[in-house]
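Text of protein_23.cif, listed as mmCIF, C-alpha atoms:
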```
data_target
loop_
_atom_site.group_PDB
_atom_site.id
_atom_site.type_symbol
_atom_site.label_atom_id
_atom_site.label_comp_id
_atom_site.auth_asym_id
_atom_site.auth_seq_id
_atom_site.Cartn_x
_atom_site.Cartn_y
_atom_site.Cartn_z
ATOM 1 C CA MET A 617 -96.638 -136.261 -89.277
ATOM 2 C CA ARG A 618 -97.743 -133.321 -87.129
ATOM 3 C CA GLY A 619 -97.758 -135.503 -83.993
ATOM 4 C CA GLN A 620 -94.161 -136.486 -84.668
ATOM 5 C CA MET A 621 -93.096 -132.867 -85.173
ATOM 6 C CA PHE A 622 -94.470 -131.645 -81.855
ATOM 7 C CA GLY A 623 -91.943 -132.129 -79.071
ATOM 8 C CA TRP A 624 -89.103 -133.311 -81.294
ATOM 9 C CA ARG A 625 -86.660 -131.386 -79.141
ATOM 10 C CA TRP A 626 -87.616 -133.485 -76.134
ATOM 11 C CA ARG A 627 -87.159 -136.917 -77.773
ATOM 12 C CA PRO A 628 -83.806 -138.477 -78.683
ATOM 13 C CA ASN A 629 -83.125 -137.624 -82.295
ATOM 14 C CA PRO A 630 -79.919 -137.706 -84.385
ATOM 15 C CA LEU A 631 -80.597 -134.151 -85.571
ATOM 16 C CA ARG A 632 -81.259 -132.774 -82.101
ATOM 17 C CA ARG A 633 -78.475 -130.697 -80.606
ATOM 18 C CA ARG A 634 -77.876 -129.536 -77.075
ATOM 19 C CA SER A 635 -78.912 -126.018 -78.121
ATOM 20 C CA ASP A 636 -82.299 -127.444 -79.204
ATOM 21 C CA VAL A 637 -82.881 -128.828 -75.719
ATOM 22 C CA VAL A 638 -81.854 -125.537 -74.103
ATOM 23 C CA GLU A 639 -84.212 -123.647 -76.407
ATOM 24 C CA ALA A 640 -87.084 -126.043 -75.621
ATOM 25 C CA TRP A 641 -86.622 -125.555 -71.871
ATOM 26 C CA THR A 642 -86.371 -121.803 -72.389
ATOM 27 C CA VAL A 643 -89.676 -121.727 -74.276
ATOM 28 C CA LEU A 644 -91.314 -123.677 -71.448
ATOM 29 C CA LEU A 645 -89.907 -121.235 -68.877
ATOM 30 C CA VAL A 646 -91.022 -118.229 -70.953
ATOM 31 C CA VAL A 647 -94.578 -119.563 -71.198
ATOM 32 C CA PHE A 648 -94.643 -120.179 -67.447
ATOM 33 C CA LEU A 649 -93.359 -116.669 -66.675
ATOM 34 C CA LEU A 650 -95.769 -115.007 -69.107
ATOM 35 C CA VAL A 651 -98.807 -116.928 -67.874
ATOM 36 C CA LEU A 652 -98.117 -116.896 -64.147
ATOM 37 C CA GLY A 653 -95.120 -114.684 -63.338
ATOM 38 C CA ALA A 654 -96.104 -111.461 -65.092
ATOM 39 C CA PRO A 655 -99.660 -111.327 -63.674
ATOM 40 C CA ALA A 656 -98.360 -112.233 -60.210
ATOM 41 C CA ALA A 657 -95.831 -109.386 -60.373
ATOM 42 C CA GLY A 658 -98.546 -106.988 -61.546
ATOM 43 C CA ILE A 659 -100.869 -108.000 -58.715
ATOM 44 C CA ALA A 660 -98.116 -107.695 -56.116
ATOM 45 C CA VAL A 661 -97.027 -104.253 -57.314
ATOM 46 C CA GLY A 662 -100.653 -103.114 -57.652
ATOM 47 C CA ARG A 663 -101.450 -104.163 -54.071
ATOM 48 C CA TRP A 664 -98.343 -102.426 -52.771
ATOM 49 C CA ALA A 665 -99.131 -99.254 -54.767
ATOM 50 C CA HIS A 666 -102.744 -99.263 -53.534
ATOM 51 C CA GLY A 667 -101.704 -99.524 -49.900
ATOM 52 C CA ASP A 668 -99.026 -96.859 -50.300
ATOM 53 C CA ALA A 669 -101.331 -94.438 -52.164
ATOM 54 C CA ARG A 670 -104.160 -94.998 -49.685
ATOM 55 C CA ALA A 671 -101.835 -94.265 -46.756
ATOM 56 C CA HIS A 672 -100.525 -91.158 -48.528
ATOM 57 C CA ALA A 673 -104.085 -89.923 -49.227
ATOM 58 C CA ALA A 674 -105.129 -90.550 -45.608
ATOM 59 C CA ALA A 675 -102.087 -88.647 -44.310
ATOM 60 C CA GLU A 676 -102.853 -85.780 -46.677
ATOM 61 C CA ARG A 677 -106.519 -85.695 -45.570
ATOM 62 C CA ALA A 678 -105.415 -85.639 -41.930
ATOM 63 C CA ALA A 679 -103.030 -82.732 -42.574
ATOM 64 C CA LEU A 680 -105.666 -80.624 -44.379
ATOM 65 C CA ASP A 681 -108.898 -79.015 -43.223
ATOM 66 C CA ARG A 682 -112.009 -79.084 -45.404
ATOM 67 C CA VAL A 683 -114.369 -76.131 -45.206
ATOM 68 C CA SER A 684 -117.472 -75.185 -47.134
ATOM 69 C CA ALA A 685 -117.081 -72.004 -49.189
ATOM 70 C CA VAL A 686 -119.464 -69.713 -51.059
ATOM 71 C CA VAL A 687 -118.377 -69.011 -54.624
ATOM 72 C CA VAL A 688 -117.960 -65.253 -55.166
ATOM 73 C CA GLU A 689 -117.484 -65.238 -58.955
ATOM 74 C CA ASN A 690 -118.896 -67.339 -61.780
ATOM 75 C CA ALA A 691 -116.792 -70.121 -63.227
ATOM 76 C CA PRO A 692 -116.446 -70.295 -67.024
ATOM 77 C CA ASP A 693 -119.369 -71.900 -68.851
ATOM 78 C CA PRO A 694 -119.429 -75.668 -69.265
ATOM 79 C CA VAL A 695 -117.755 -77.090 -72.322
ATOM 80 C CA PRO A 696 -120.145 -78.999 -74.609
ATOM 81 C CA THR A 697 -119.255 -82.688 -74.769
ATOM 82 C CA ALA A 698 -120.543 -85.477 -76.960
ATOM 83 C CA HIS A 699 -120.660 -88.093 -74.229
ATOM 84 C CA GLY A 700 -121.331 -86.054 -71.111
ATOM 85 C CA ASP A 701 -117.695 -86.177 -70.026
ATOM 86 C CA LYS A 702 -116.515 -84.639 -66.775
ATOM 87 C CA GLN A 703 -116.260 -80.854 -66.924
ATOM 88 C CA PRO A 704 -112.879 -79.151 -66.420
ATOM 89 C CA MET A 705 -112.120 -77.608 -63.056
ATOM 90 C CA TYR A 706 -111.330 -73.901 -62.572
ATOM 91 C CA TRP A 707 -109.933 -71.817 -59.742
ATOM 92 C CA VAL A 708 -112.408 -69.048 -58.819
ATOM 93 C CA LYS A 709 -112.741 -66.643 -55.898
ATOM 94 C CA ALA A 710 -114.665 -67.922 -52.918
ATOM 95 C CA ARG A 711 -115.336 -66.914 -49.308
ATOM 96 C CA TRP A 712 -115.255 -69.267 -46.333
ATOM 97 C CA THR A 713 -115.043 -69.341 -42.570
ATOM 98 C CA GLU A 714 -111.745 -70.706 -41.287
ATOM 99 C CA PRO A 715 -111.683 -73.458 -38.642
ATOM 100 C CA ALA A 716 -110.348 -70.888 -36.150
ATOM 101 C CA GLY A 717 -113.381 -68.703 -36.789
ATOM 102 C CA GLY A 718 -112.226 -65.884 -39.097
ATOM 103 C CA SER A 719 -113.687 -65.175 -42.529
ATOM 104 C CA ARG A 720 -111.383 -65.348 -45.531
ATOM 105 C CA THR A 721 -111.541 -64.877 -49.298
ATOM 106 C CA GLY A 722 -109.374 -67.006 -51.566
ATOM 107 C CA GLU A 723 -109.572 -69.421 -54.455
ATOM 108 C CA ALA A 724 -111.586 -72.605 -54.680
ATOM 109 C CA ARG A 725 -111.404 -75.237 -57.388
ATOM 110 C CA VAL A 726 -114.856 -75.751 -58.899
ATOM 111 C CA PRO A 727 -116.241 -77.443 -62.028
ATOM 112 C CA ALA A 728 -117.142 -75.389 -65.104
ATOM 113 C CA GLY A 729 -120.581 -73.794 -64.903
ATOM 114 C CA THR A 730 -120.515 -73.129 -61.148
ATOM 115 C CA ASP A 731 -122.473 -69.938 -60.473
ATOM 116 C CA ARG A 732 -121.934 -67.193 -57.954
ATOM 117 C CA GLY A 733 -123.503 -68.145 -54.611
ATOM 118 C CA ASP A 734 -123.030 -71.919 -55.070
ATOM 119 C CA ARG A 735 -121.208 -73.875 -52.407
ATOM 120 C CA ALA A 736 -117.892 -75.670 -52.910
ATOM 121 C CA ASP A 737 -115.491 -77.552 -50.665
ATOM 122 C CA VAL A 738 -112.130 -75.907 -50.031
ATOM 123 C CA TRP A 739 -109.119 -77.743 -48.583
ATOM 124 C CA LEU A 740 -106.808 -75.642 -46.406
ATOM 125 C CA ASP A 741 -103.246 -76.405 -45.395
ATOM 126 C CA SER A 742 -101.804 -75.638 -41.955
ATOM 127 C CA ALA A 743 -101.073 -72.026 -43.039
ATOM 128 C CA GLY A 744 -104.708 -71.520 -44.108
ATOM 129 C CA ARG A 745 -103.958 -71.455 -47.846
ATOM 130 C CA SER A 746 -106.336 -73.082 -50.310
ATOM 131 C CA VAL A 747 -104.727 -76.208 -51.796
ATOM 132 C CA GLN A 748 -105.747 -79.008 -54.120
ATOM 133 C CA ALA A 749 -107.963 -81.698 -52.618
ATOM 134 C CA PRO A 750 -106.282 -84.926 -51.494
ATOM 135 C CA PRO A 751 -106.543 -87.927 -53.828
ATOM 136 C CA THR A 752 -109.928 -89.643 -53.917
ATOM 137 C CA ASP A 753 -110.464 -93.398 -53.693
ATOM 138 C CA THR A 754 -110.897 -93.452 -57.460
ATOM 139 C CA ALA A 755 -107.501 -91.799 -57.936
ATOM 140 C CA VAL A 756 -105.922 -94.300 -55.536
ATOM 141 C CA TRP A 757 -107.373 -97.223 -57.516
ATOM 142 C CA GLN A 758 -106.293 -95.692 -60.817
ATOM 143 C CA HIS A 759 -102.770 -95.317 -59.462
ATOM 144 C CA ALA A 760 -102.717 -98.933 -58.249
ATOM 145 C CA LEU A 761 -104.040 -100.270 -61.564
ATOM 146 C CA SER A 762 -101.571 -98.259 -63.609
ATOM 147 C CA MET A 763 -98.648 -99.396 -61.453
ATOM 148 C CA GLY A 764 -99.770 -103.032 -61.675
ATOM 149 C CA THR A 765 -100.189 -102.765 -65.438
ATOM 150 C CA CYS A 766 -96.756 -101.197 -65.836
ATOM 151 C CA ALA A 767 -95.185 -103.913 -63.685
ATOM 152 C CA THR A 768 -96.876 -106.634 -65.741
ATOM 153 C CA GLY A 769 -95.719 -105.010 -68.973
ATOM 154 C CA GLY A 770 -92.200 -104.639 -67.613
ATOM 155 C CA VAL A 771 -91.983 -108.312 -66.660
ATOM 156 C CA VAL A 772 -93.349 -109.331 -70.070
ATOM 157 C CA GLY A 773 -90.760 -107.127 -71.791
ATOM 158 C CA ILE A 774 -87.883 -108.495 -69.705
ATOM 159 C CA VAL A 775 -88.980 -112.109 -70.243
ATOM 160 C CA LEU A 776 -89.335 -111.642 -74.011
ATOM 161 C CA LEU A 777 -85.996 -109.823 -74.227
ATOM 162 C CA GLY A 778 -84.347 -112.636 -72.253
ATOM 163 C CA HIS A 779 -85.941 -115.199 -74.555
ATOM 164 C CA LEU A 780 -84.649 -113.307 -77.601
ATOM 165 C CA VAL A 781 -81.109 -113.321 -76.208
ATOM 166 C CA VAL A 782 -81.238 -117.035 -75.350
ATOM 167 C CA ARG A 783 -82.675 -117.837 -78.778
ATOM 168 C CA ARG A 784 -79.906 -115.928 -80.583
ATOM 169 C CA VAL A 785 -77.229 -117.666 -78.526
ATOM 170 C CA ALA A 786 -78.907 -121.049 -79.177
ATOM 171 C CA ILE A 787 -78.984 -120.381 -82.919
ATOM 172 C CA ARG A 788 -75.280 -119.484 -82.898
ATOM 173 C CA HIS A 789 -74.442 -122.651 -80.975
ATOM 174 C CA ARG A 790 -76.637 -124.728 -83.271
ATOM 175 C CA LEU A 791 -74.932 -123.348 -86.377
ATOM 176 C CA ALA A 792 -71.507 -123.980 -84.821
ATOM 177 C CA GLU A 793 -72.491 -127.563 -83.953
ATOM 178 C CA TRP A 794 -73.779 -128.157 -87.490
ATOM 179 C CA GLU A 795 -70.559 -126.694 -88.901
ATOM 180 C CA GLN A 796 -68.507 -129.127 -86.800
ATOM 181 C CA GLU A 797 -70.659 -132.042 -87.962
ATOM 182 C CA TRP A 798 -70.314 -130.993 -91.578
ATOM 183 C CA ALA A 799 -66.541 -130.611 -91.220
ATOM 184 C CA ARG A 800 -66.472 -134.212 -89.981
ATOM 185 C CA THR A 801 -68.926 -135.760 -92.473
ATOM 186 C CA GLY A 802 -68.627 -133.404 -95.488
ATOM 187 C CA PRO A 803 -65.424 -134.904 -96.902
ATOM 188 C CA GLU A 804 -67.036 -138.354 -96.916
ATOM 189 C CA TRP A 805 -69.822 -137.069 -99.145
ATOM 190 C CA GLY A 806 -67.338 -135.740 -101.653
ATOM 191 C CA HIS A 807 -65.768 -139.157 -102.408
ATOM 192 C CA ARG A 808 -66.868 -140.876 -105.557
ATOM 193 C CA TRP A 809 -66.929 -144.597 -105.351
ATOM 194 C CA ALA A 810 -65.659 -146.307 -108.455
#
```

Since I need it in another form, could you write the structure as structure tokens?
Amino acid sequence: MRGQMFGWRWRPNPLRRRSDVVEAWTVLLVVFLLVLGAPAAGIAVGRWAHGDARAHAAAERAALDRVSAVVVENAPDPVPTAHGDKQPMYWVKARWTEPAGGSRTGEARVPAGTDRGDRADVWLDSAGRSVQAPPTDTAVWQHALSMGTCATGGVVGIVLLGHLVVRRVAIRHRLAEWEQEWARTGPEWGHRWA
């Protein structure tokens, strides 16, 4: 019995309606889009986002100067963690030699627990101000993966929403077709043969 039930919408059947065939093709299209289309969209968007973020990070690195600074004040103590997580970063005073040759004191972003006299990298903009470091390769990959994941989820959502709409329309058509059939055959069932 189970073998006869599978694929009944594809075989000629007196109970099959046109809406059943449309729904069967829609299910096939939805499966195809979920299995192949959504991952392909995620990969394409992820690759584009990776290339764009990498180019942006390279342009930012080219526009900034990195200098080595000596930390002038202690950063707050490290925060105890259960799993050895990454420590928070703090802005502390530091002293460095500018690329042009002058000495300057400003702020450097260092991890918690950095002591006075330790060295830290400082990124300077064209005006010589200390700015946040450009994105690392890890940040670029995280951006690409998150964009690809969002694109995949978006395609899945759109496909499932489209399937829901088609299914509701198919159910309405199916009920209308059954109503027409019953209007045609119902009176015959009401006759009593003497």

Exercise. At what distance in Å, to one decimal, does CA of Ser635 in chain A lie from CA of His789 in chain A?
Worked result: 6.3 Å

For this session: Could you expand the PyMOL selection byres ((chain A and resi 704) around 12) into the explicit residues it covers here, written as a PyMOL selection string?
Result: chain A and resi 691-697+700-703+705-707+725-730

With all atoms of range 699-718 of chain A from the file as input, state the centre and edge lengths in Å to one decimal of the axis-aligned box that has 5 Å extra on each side, as AutoDock Vina command-line options.
```
--center_x -115.6 --center_y -77.0 --center_z -55.2 --size_x 21.4 --size_y 32.2 --size_z 48.1
```

Which residues of range 711-772 of chain A have any atom within 12 Å of an atom in range 636-652 of chain A when counting only C-alpha atoms, and what is the closest pair of atoms for each, with the distance in Å to one decimal? Order the rows by chain and rising number and write it as a tab-separated table.
```
residue	atom	partner	partner_atom	distance
A:Thr768	CA	A:Leu650	CA	9.1
A:Gly769	CA	A:Leu650	CA	10.0
A:Gly770	CA	A:Leu650	CA	11.1
A:Val771	CA	A:Leu650	CA	8.1
A:Val772	CA	A:Leu650	CA	6.2
```

Exercise. Just how far from CA of Val708 in chain A is CA of Thr754 in chain A, in Å to one decimal?
Worked result: 24.5 Å

Exercise. So, counting all atoms listed in the file, which residue among A:Gln758, A:Thr765, A:Asn690, A:Thr801 is closest to Arg670 in chain A?
Worked result: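 Once distances to Arg670 in chain A are computed over all atoms listed in the file, the minimum belongs to A:Gln758.
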
Exercise. Which neighbours of Leu791 in chain A fall inside 12 Å, counting only C-alpha atoms, when residues of the same chain fewer than 6 positions from it are skipped, and could you give them as a list in words?
Worked result: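 Here the answer would be Arg633, Arg634, Ser635, Asp636, Arg784, Val785, Glu797 and Trp798 of chain A.
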
Exercise. How many Å lie between CA of Ala749 in chain A and CA of Ser762 in chain A, rounded to one decimal?
Worked result: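 So the answer is 20.9 Å.
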
For this session: Anything within 10 Å of (-102.0, -99.5, -61.7): list those residues as an MDAnalysis selection string, counting only C-alpha atoms and sticking to the file's coordinates.
Result: chainID A and resid 658:659 661:663 665:666 756:768

Exercise. Expanded to explicit residues, what is the PyMOL selection byres ((chain A and resi 723) around 12) for this file, as a ChimeraX atom specification?
Worked result: /A:685-689,691,706-712,720-722,724-726,736-740,744-748

For this session: Just the residues within 6 Å of range 673-678 of chain A, please, counting all atoms listed in the file, with nothing from its chain fewer than 2 positions along; format it as a PyMOL selection string.
Result: chain A and resi 670-671+680+750-751

Exercise. Looking at A:Trp664, A:Asp741, A:Ala657, A:Thr713, which one is nearest to Ala679 in chain A, with distances taken over only C-alpha atoms?
Worked result: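 Closest to Ala679 in chain A, using only C-alpha atoms: A:Asp741.
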